[in-house]
Amino acid sequence: MPAAESRWRRWLDSDIAWSFRRSPVAILAAVVALICVVGALFAGWIAPHDPFDLASLELMDALLPPAWTAEGRATYLLGTDDQGRDVLSGILYGARISLLVGVGSVVVAMVLGVSLGLLAGYAGGSIEAFIMRVADVQLSFPAILIALLVDGVVRVAMPDSAHGGQALWVLIASIGLSGWVQYARTVRGSTLVEKRKEYVQAARVIGRHPVAIMFHHLLPNVLGPVLVIATIHLATAIITEATLSFLGVGMPVTTPSLGTLIRVGNDFLFSGEWWITVFPGLALVALALSVNLLGDWLRDALNPRLR
Amino acid sequence: MSALLEVRHLRVAFETRRGPLVAVDDISLQIGEGEILGMVGESGAGKSVTGTAILGLLEPPARITAGEILLEGSRIDNLAPEAMRRLRGKRIGAIFQDPLTALDPLFTIGQQLVETILTHDAVGARAARDRALKLLGEVGIPAPEKRLDQYPHQLSGGMRQRVVIALALCAEPRLVIADEPTTALDVSTQAQIIELLKRLARTRGTAVLLITHDMGVIAETADRVAVLYAGRIAEIGPVREIVHAPLHPYTTGLMGAIPKLGALRSRLAQIDGAMPRLDAIPPGCAFHPRCTQRLAQCDREIPRAVAVDGREVACWLHGESSRG
Amino acid sequence: MADVPLLEFADVGRDFDVSQPWLERVLSRLPKQRLVAVDDASFRVARGRTLALVGESGCGKSTVGRLAVGLYKPSRGTVRFDGQPMPSGSGRETMAVRRRMQMIFQDPYASLNPRWKVDDIVAEPLRVQNAAMSETDRAERVAALLRQVGLAPADARKFPHEFSGGQRQRISIARALSSEPEFLVCDEPTSALDVSVQAQVLNLMRDLQDRLGLTYLFISHNLAVVEYVAHDLGVMYLGRLVEVGPATTILKDPAHPYTRMLLAAVPDLAMTGTSRTPVAGEIPSPIDRPSGCAFHPRCPHATERCRVETPVAKPIGDGRVVACHLVGS
């Protein structure tokens with residue numbers, strides 16, 4: 001495939017790739033993030049145990065410390081919890097849930113925010129005023145409060161039995177709904193700039209439908225900053241999910257995320273079984289920090305002023 | 001006429017990760033007291049970079065890589081930033097294209113003028129205000145007392161450009177660099193600013209480097225003109241001769257391409273192609289791919305500037321052989 | 001039918017609402033503010049001819065251009081295209097008229113979508129207005145269009161940033177020609193270009209007019225450029241046409257004092273070293289237009305009548321229409 005190869009070459013030669021190669025922080029962050037993502041995606045193959053397989057659980061193995069301590073056992077590298085579940089496997093499966101919720105809610109927030117921002121910026125007038133006032137109001141509440149609110153409403157509306165299976169989707173929706181404002185504001189701003197440009201007027205003279213102008217002409221030109229916001233928002237969303245789960249309104253113990261693991265382990269912290277909560281905590285920090293650093297780098301790399 | 005500003009073999013390059021891009025190459029020129037030197041060229045010719053280099057305002061990745069700049073006989077291109085800052089405004093003034101960005105929107109015209117006067121001269125506030133009033137009058141602003149307390153946004157484009165000129169003149173500089181001073185203005189205002197620049201050079205003996213893409217402005221304002229192409233001077237000499245009998249094929253093409261009022265509706269002469277990008281400047285004479293009279297050596301050797309009839313031309317058509 | 005002008009403006013006016021946002025306006029009890037961008041504009045453009053509009057910033061010439069292609073709707077008066085009032089909305093009738101007119105813009109760096117390839121840009125009008133066309137026919141048409149404006153068919157695979165300003169303006173022209181329009185509005189098409197490139201584009205536009213029988217509404221602030229392209233000329237000042245007529249007549253013997261002033265202000269290559277009396281005063285803001293004739297504060301011949309009464313445009317015999325109390329009375 002010579003075409004694909006030359007495209008790959010061109011990408012290697014681009015300014016973004018160049019600035020990536022020159023930034024040790026970005027490379028380190030990318031490696032850490034990649035390890036987290038690969039670990040989470042292939043948890044079923046990598047994890048030494050299946051924490052959800054009740055048949056394989058040995059209550060005799062409960063509360064074992066990490067492998068390198070005197071009482072540790074080699075099969076449980078990071079020790080076990082009170083049910084005898086392997087902490088490392090729990091982290092890998094938990095990271096999968098955390099990433100899924102993070103990515104899902106970013107997608108929800110992005111689709112909603114970008115569409116509303118485009119509409120507000122292009123349509124103007126009362127539509128713009130309405131969307132942006134709603135955004136202002138939402139911005140005066142902390143995101144976590146919005147997520148709690150949405151979560152609460154869904155819990156009331158939905159029977160308890162159904163909720164367990166739907167927890168993942170409820171979380172994605174509530175965190176997504178709490179995060180669209182930033183996308184909408186940024187996209188509205190860039191849309192206001194872009195729509196004055198003559199290529200948009202040219203499309204109007206040609207007779208293109210406003211929706212086509214918004215999505216074919218404007219969208220590709222306002223996506224740059226959205227990419228940066230999305231990366232940084234991913235880290236925030238993962239932490240929001242962990243916070244909700246820690247507070248007990250997130251993922252149930254049967255399908256734990258990193259936040260659930262931390263909450264469960266928290267009960268054992270003072271009785272000396274520190275590893276049950278500390279390792280999931282470290283995993284969360286590594287994941288959120290590496291994604292955040294990547295977002296920071298991307299913002300600088302895409303900002304021509306700082307180059 | 002002794003040279004007030006002298007530029008010798010100036011070369012400015014932009015350091016990029018793909019190696020240096022030379023924006024200005026081997027430019028030499030002189031401006032005498034009270035003289036207006038026009039510098040004309042199309043976008044990418046290096047005229048603004050030259051002006052910025054003289055002002056000492058080049059920002060990385062651009063820097064002077066060779067040559068020297070002398071103001072009244074002493075070098076200024078190697079001065080420390082602080083010394084250069086004092087020199088600017090004191091002995092060199094600058095006028096830029098967009099008068100709105102050159103003025104601080106948060107301060108009144110009077111505050112900005114008085115502040116500039118006070119930083120350069122140890123005079124009292126009262127005297128500084130009087131000087132500001134006088135300057136505003138001199139640049140043709142009606143009712144200066146009223147304007148002194150107004151903010152930049154309350155003035156029209158032409159008035160703002162006059163204020164910028166007044167600011168540039170605060171410390172009575174010896175040299176004024178005017179980079180496209182009329183481009184953002186309407187034709188009627190443009191004519192007024194041209195007149196003002198000419199009067200300043202005549203009455204104050206200020207040397208002016210007038211950078212513009214508009215040959216019409218140069219023709220009316222400048223005493224001499226330097227025509228730039230791809231970072232080099234193609235031709236430099238008295239305005240009248242260069243306008244009416246250009247020697248360099250590029251200048252000839254440029255003159256033919258300008259629509260003239262009152263000329264017949266014949267076809268405009270056009271130079272095919274476009275100015276090369278900095279990363280693809282052709283070898284030899286940079287103009288040779290667009291030139292209709294190129295010779296064998298044009299794509300190999302860079303022509304040196306030679307003196308012909310009181311001007312200098314860098315073209316093989318006017319080489320040593322034809323100097324006679 | 002031959003004497004039906006392709007484009008006709010009959011007493012067209014266009015206002016813009018420049019009020020403060022609603023909340024601020026109500027809080028500080030400001031009235032609504034209206035800007036009259038164009039008023040009482042009447043002119044005709046005959047088939048195959050070029051009418052140029054000249055004037056300084058804020059004179060409303062670009063608004064007239066946008067009214068002519070239907071980007072703006074007139075607040076007063078009628079715009080007629082080929083004898084029919086300009087349809088509005090997005091119905092089939094509007095689309096049928098739309099494909100007969102196109103526009104070329106000033107800034108070659110802003111008028112092409114930077115994320116699109118040249119072939120998508122040039123083919124966009126074809127896709128919208130001739131959806132039934134096959135992909136191969138469309139590609140052929142794009143190649144032919146690029147050749148017509150002096151570019152290579154292979155350029156279709158490139159992005160706009162790979163071209164110089166002049167080449168981009170050629171791409172703009174190719175896009176405008178793709179729906180085979182009869183009428184082009186050119187809004188300062190060369191003022192962002194270098195002189196040598198400007199000559200290329202102006203020559204190209206004239207060749208295309210000769211070859212395709214195009215009608216141009218050419219908007220410019222540069223009288224010398226206008227003289228080169230225009231058959232007829234309209235001079236605008238603060239939203240009003242002060243003088244309309246054959247270009248050569250107006251440029252040789254301007255009737256309106258403003259036209260005279262504009263002509264005198266054009267920097268001239270032949271004028272090296274000579275001095276001339278510069279024009280006094282500056283253009284007032286269109287929001288607070290002077291009463292009567294808007295030019296009276298700058299006019300050397302202004303009388304009391306000029307301060308009070310707005311002059312009506314009237315024919316002065318040689319094919320010209322002039323709005324000045326002192327002319328033709």
# chains A, B, ... in the order shown; residues from 1 in each chain; ligands from 1

call {"tool": "residues_around", "arguments": {"residues": "B:Ile211", "least_positions_apart": "4", "cutoff": "12 Å", "atoms": "only C-alpha atoms", "output": "PyMOL selection string"}}
result
chain B and resi 36-43+45-52+94-97+176-183+215+217-218+221-222+225-228

call {"tool": "residues_around", "arguments": {"residues": "B:Arg294", "least_positions_apart": "4", "cutoff": "10 Å", "atoms": "only C-alpha atoms", "output": "PyMOL selection string"}}
result
chain B and resi 249+285+287-290+298-299+315-317

call {"tool": "write_last_selection", "arguments": {"atoms": "all heavy atoms", "output": "short mmCIF file (atom, residue, chain, number, x, y, z; two decimals), in the first residue's frame"}}
result
data_model
loop_
_atom_site.label_atom_id
_atom_site.label_comp_id
_atom_site.auth_asym_id
_atom_site.auth_seq_id
_atom_site.Cartn_x
_atom_site.Cartn_y
_atom_site.Cartn_z
N PRO B 249 13.82 43.30 -15.44
CA PRO B 249 12.58 42.78 -16.05
C PRO B 249 11.43 42.67 -15.05
O PRO B 249 10.27 42.81 -15.42
CB PRO B 249 12.99 41.39 -16.56
CG PRO B 249 14.46 41.43 -16.68
CD PRO B 249 14.96 42.41 -15.68
N CYS B 285 19.28 33.70 -10.31
CA CYS B 285 18.39 34.83 -10.10
C CYS B 285 17.01 34.27 -9.75
O CYS B 285 16.45 33.48 -10.51
CB CYS B 285 18.31 35.68 -11.36
SG CYS B 285 17.01 36.92 -11.31
N PHE B 287 14.20 35.38 -9.94
CA PHE B 287 13.12 35.76 -10.84
C PHE B 287 13.15 34.96 -12.15
O PHE B 287 12.21 35.00 -12.92
CB PHE B 287 13.22 37.27 -11.13
CG PHE B 287 12.08 37.81 -11.95
CD1 PHE B 287 10.78 37.75 -11.47
CD2 PHE B 287 12.30 38.37 -13.20
CE1 PHE B 287 9.71 38.25 -12.21
CE2 PHE B 287 11.24 38.87 -13.96
CZ PHE B 287 9.95 38.80 -13.46
N HIS B 288 14.22 34.18 -12.39
CA HIS B 288 14.39 33.61 -13.73
C HIS B 288 13.22 32.74 -14.23
O HIS B 288 12.90 32.78 -15.40
CB HIS B 288 15.74 32.87 -13.85
CG HIS B 288 15.74 31.46 -13.36
ND1 HIS B 288 16.25 31.11 -12.14
CD2 HIS B 288 15.29 30.31 -13.93
CE1 HIS B 288 16.11 29.80 -11.97
NE2 HIS B 288 15.52 29.30 -13.02
N PRO B 289 12.51 31.97 -13.32
CA PRO B 289 11.42 31.16 -13.90
C PRO B 289 10.28 32.01 -14.47
O PRO B 289 9.52 31.54 -15.31
CB PRO B 289 10.93 30.33 -12.71
CG PRO B 289 12.04 30.37 -11.72
CD PRO B 289 12.68 31.70 -11.89
N ARG B 290 10.15 33.26 -14.02
CA ARG B 290 9.06 34.11 -14.51
C ARG B 290 9.55 35.11 -15.54
O ARG B 290 8.77 35.90 -16.06
CB ARG B 290 8.45 34.88 -13.33
CG ARG B 290 7.90 33.99 -12.23
CD ARG B 290 7.44 34.79 -11.04
NE ARG B 290 6.20 35.49 -11.28
CZ ARG B 290 5.65 36.37 -10.43
NH1 ARG B 290 6.27 36.66 -9.30
NH2 ARG B 290 4.52 36.96 -10.72
N CYS B 298 21.33 32.71 -15.95
CA CYS B 298 20.37 33.20 -14.97
C CYS B 298 19.96 32.14 -13.95
O CYS B 298 19.67 32.46 -12.81
CB CYS B 298 19.12 33.73 -15.67
SG CYS B 298 19.43 35.29 -16.50
N ASP B 299 19.89 30.87 -14.37
CA ASP B 299 19.45 29.87 -13.41
C ASP B 299 20.61 29.26 -12.65
O ASP B 299 20.44 28.31 -11.91
CB ASP B 299 18.62 28.78 -14.11
CG ASP B 299 19.41 28.09 -15.20
OD1 ASP B 299 20.56 28.52 -15.45
OD2 ASP B 299 18.89 27.13 -15.80
N CYS B 315 20.83 42.25 -12.34
CA CYS B 315 20.28 41.48 -13.45
C CYS B 315 21.38 41.23 -14.45
O CYS B 315 22.20 42.11 -14.72
CB CYS B 315 19.14 42.27 -14.11
SG CYS B 315 18.49 41.46 -15.58
N TRP B 316 21.42 40.02 -15.00
CA TRP B 316 22.48 39.68 -15.95
C TRP B 316 22.37 40.47 -17.25
O TRP B 316 23.34 40.61 -17.98
CB TRP B 316 22.49 38.18 -16.25
CG TRP B 316 23.01 37.37 -15.08
CD1 TRP B 316 22.31 36.48 -14.33
CD2 TRP B 316 24.32 37.42 -14.54
NE1 TRP B 316 23.11 35.97 -13.34
CE2 TRP B 316 24.36 36.52 -13.44
CE3 TRP B 316 25.49 38.14 -14.85
CZ2 TRP B 316 25.49 36.32 -12.66
CZ3 TRP B 316 26.62 37.92 -14.07
CH2 TRP B 316 26.61 37.03 -13.00
N LEU B 317 21.17 41.01 -17.54
CA LEU B 317 21.03 41.83 -18.74
C LEU B 317 21.85 43.11 -18.64
O LEU B 317 22.18 43.75 -19.63
CB LEU B 317 19.56 42.21 -18.96
CG LEU B 317 18.60 41.09 -19.33
CD1 LEU B 317 17.18 41.61 -19.28
CD2 LEU B 317 18.94 40.56 -20.70
#

call {"tool": "residues_around", "arguments": {"residues": "B:Leu135", "least_positions_apart": "3", "cutoff": "6 Å", "atoms": "only C-alpha atoms", "output": "number ranges by chain"}}
result
B: 132, 138, 166

call {"tool": "write_last_selection", "arguments": {"atoms": "N, CA and C atoms", "output": "compact mmCIF listing (two decimals), in the first residue's frame"}}
result
# COMPACT_ATOMS: atom_id res chain seq x y z
N ALA B 132 2.52 67.63 23.23
CA ALA B 132 1.55 66.71 22.63
C ALA B 132 0.55 67.48 21.77
N GLU B 138 0.46 69.45 14.38
CA GLU B 138 1.39 69.28 13.27
C GLU B 138 1.00 68.13 12.34
N ALA B 166 2.03 60.93 15.20
CA ALA B 166 2.41 61.86 16.26
C ALA B 166 3.19 61.13 17.35

call {"tool": "interface_residues", "arguments": {"of": "chain B", "to": "chain C", "cutoff": "6 Å", "atoms": "only C-alpha atoms", "output": "ChimeraX atom specification"}}
result
/B:42,186,188,191-192,216-217,219-220,254,257,259-261,265,268,270-271

call {"tool": "interface_residues", "arguments": {"of": "chain A", "to": "chain C", "cutoff": "8 Å", "atoms": "only C-alpha atoms", "output": "list in words"}}
result
Lys197, Glu198, Tyr199, Val200, Gln201, Ala202, Arg204, Val205, Ile206, Gly207, Arg208, His217, Pro220 and Asn221 of chain A

call {"tool": "decode", "arguments": {"residues": "stretch 99-110 of chain C", "atoms": "all heavy atoms", "output": "CSV table (one decimal), in the first residue's frame"}}
result
chain,number,residue,atom,x,y,z
C,99,ARG,N,-28.7,29.2,-9.4
C,99,ARG,CA,-27.7,28.6,-10.2
C,99,ARG,C,-27.3,29.5,-11.4
C,99,ARG,O,-26.2,29.3,-12.0
C,99,ARG,CB,-28.1,27.2,-10.8
C,99,ARG,CG,-29.3,27.2,-11.7
C,99,ARG,CD,-29.7,25.8,-12.1
C,99,ARG,NE,-28.6,25.2,-12.9
C,99,ARG,CZ,-28.6,23.9,-13.2
C,99,ARG,NH1,-29.6,23.2,-12.9
C,99,ARG,NH2,-27.6,23.4,-14.0
C,100,ARG,N,-28.1,30.5,-11.6
C,100,ARG,CA,-27.7,31.4,-12.7
C,100,ARG,C,-26.8,32.6,-12.2
C,100,ARG,O,-26.4,33.4,-13.0
C,100,ARG,CB,-29.0,32.0,-13.3
C,100,ARG,CG,-29.8,30.9,-14.0
C,100,ARG,CD,-31.1,31.5,-14.5
C,100,ARG,NE,-31.0,32.5,-15.5
C,100,ARG,CZ,-32.0,33.2,-15.9
C,100,ARG,NH1,-33.2,33.1,-15.4
C,100,ARG,NH2,-31.8,34.1,-16.9
C,101,MET,N,-26.6,32.6,-10.9
C,101,MET,CA,-25.7,33.7,-10.4
C,101,MET,C,-24.7,33.1,-9.4
C,101,MET,O,-25.0,32.1,-8.7
C,101,MET,CB,-26.5,34.8,-9.7
C,101,MET,CG,-27.5,34.2,-8.7
C,101,MET,SD,-28.4,35.6,-7.9
C,101,MET,CE,-29.4,36.2,-9.2
C,102,GLN,N,-23.5,33.7,-9.3
C,102,GLN,CA,-22.5,33.3,-8.4
C,102,GLN,C,-21.7,34.5,-7.9
C,102,GLN,O,-22.0,35.6,-8.4
C,102,GLN,CB,-21.5,32.3,-9.1
C,102,GLN,CG,-22.0,30.9,-9.2
C,102,GLN,CD,-22.2,30.2,-7.8
C,102,GLN,OE1,-21.5,30.6,-6.9
C,102,GLN,NE2,-23.2,29.3,-7.7
C,103,MET,N,-20.9,34.2,-6.9
C,103,MET,CA,-20.1,35.3,-6.3
C,103,MET,C,-18.7,35.0,-6.1
C,103,MET,O,-18.4,33.8,-5.8
C,103,MET,CB,-20.8,35.6,-5.0
C,103,MET,CG,-20.2,36.9,-4.3
C,103,MET,SD,-21.5,37.5,-3.2
C,103,MET,CE,-20.5,38.9,-2.5
C,104,ILE,N,-17.8,36.0,-6.4
C,104,ILE,CA,-16.4,35.8,-6.1
C,104,ILE,C,-16.0,36.8,-5.0
C,104,ILE,O,-16.4,37.9,-5.0
C,104,ILE,CB,-15.6,36.1,-7.3
C,104,ILE,CG1,-15.9,35.1,-8.5
C,104,ILE,CG2,-14.1,36.0,-7.0
C,104,ILE,CD1,-15.4,35.5,-9.8
C,105,PHE,N,-15.3,36.3,-4.0
C,105,PHE,CA,-15.1,37.1,-2.8
C,105,PHE,C,-13.7,37.7,-2.7
C,105,PHE,O,-12.8,37.4,-3.5
C,105,PHE,CB,-15.3,36.2,-1.5
C,105,PHE,CG,-16.7,35.7,-1.4
C,105,PHE,CD1,-17.1,34.6,-2.0
C,105,PHE,CD2,-17.6,36.5,-0.7
C,105,PHE,CE1,-18.4,34.1,-1.8
C,105,PHE,CE2,-18.9,36.1,-0.5
C,105,PHE,CZ,-19.3,34.9,-1.1
C,106,GLN,N,-13.5,38.6,-1.8
C,106,GLN,CA,-12.3,39.3,-1.7
C,106,GLN,C,-11.1,38.5,-1.2
C,106,GLN,O,-10.0,38.6,-1.8
C,106,GLN,CB,-12.5,40.5,-0.7
C,106,GLN,CG,-11.2,41.3,-0.4
C,106,GLN,CD,-11.5,42.5,0.4
C,106,GLN,OE1,-12.6,42.8,0.8
C,106,GLN,NE2,-10.4,43.3,0.7
C,107,ASP,N,-11.3,37.8,-0.1
C,107,ASP,CA,-10.1,37.2,0.6
C,107,ASP,C,-9.9,35.8,0.1
C,107,ASP,O,-10.6,34.9,0.5
C,107,ASP,CB,-10.4,37.3,2.1
C,107,ASP,CG,-9.1,36.7,2.9
C,107,ASP,OD1,-8.2,36.3,2.2
C,107,ASP,OD2,-9.2,36.8,4.1
C,108,PRO,N,-8.9,35.5,-0.7
C,108,PRO,CA,-8.7,34.2,-1.2
C,108,PRO,C,-8.3,33.2,-0.1
C,108,PRO,O,-8.3,32.0,-0.4
C,108,PRO,CB,-7.6,34.3,-2.3
C,108,PRO,CG,-6.9,35.6,-1.9
C,108,PRO,CD,-7.9,36.5,-1.2
C,109,TYR,N,-7.9,33.7,1.0
C,109,TYR,CA,-7.6,32.8,2.1
C,109,TYR,C,-8.8,32.4,3.0
C,109,TYR,O,-8.7,31.4,3.7
C,109,TYR,CB,-6.5,33.5,3.0
C,109,TYR,CG,-5.2,33.6,2.3
C,109,TYR,CD1,-4.9,34.7,1.5
C,109,TYR,CD2,-4.3,32.5,2.3
C,109,TYR,CE1,-3.8,34.7,0.7
C,109,TYR,CE2,-3.1,32.6,1.5
C,109,TYR,CZ,-2.9,33.7,0.8
C,109,TYR,OH,-1.7,33.7,0.0
C,110,ALA,N,-9.9,33.2,2.9
C,110,ALA,CA,-11.0,32.8,3.7
C,110,ALA,C,-12.2,32.3,2.8
C,110,ALA,O,-13.1,31.7,3.4
C,110,ALA,CB,-11.5,34.1,4.4
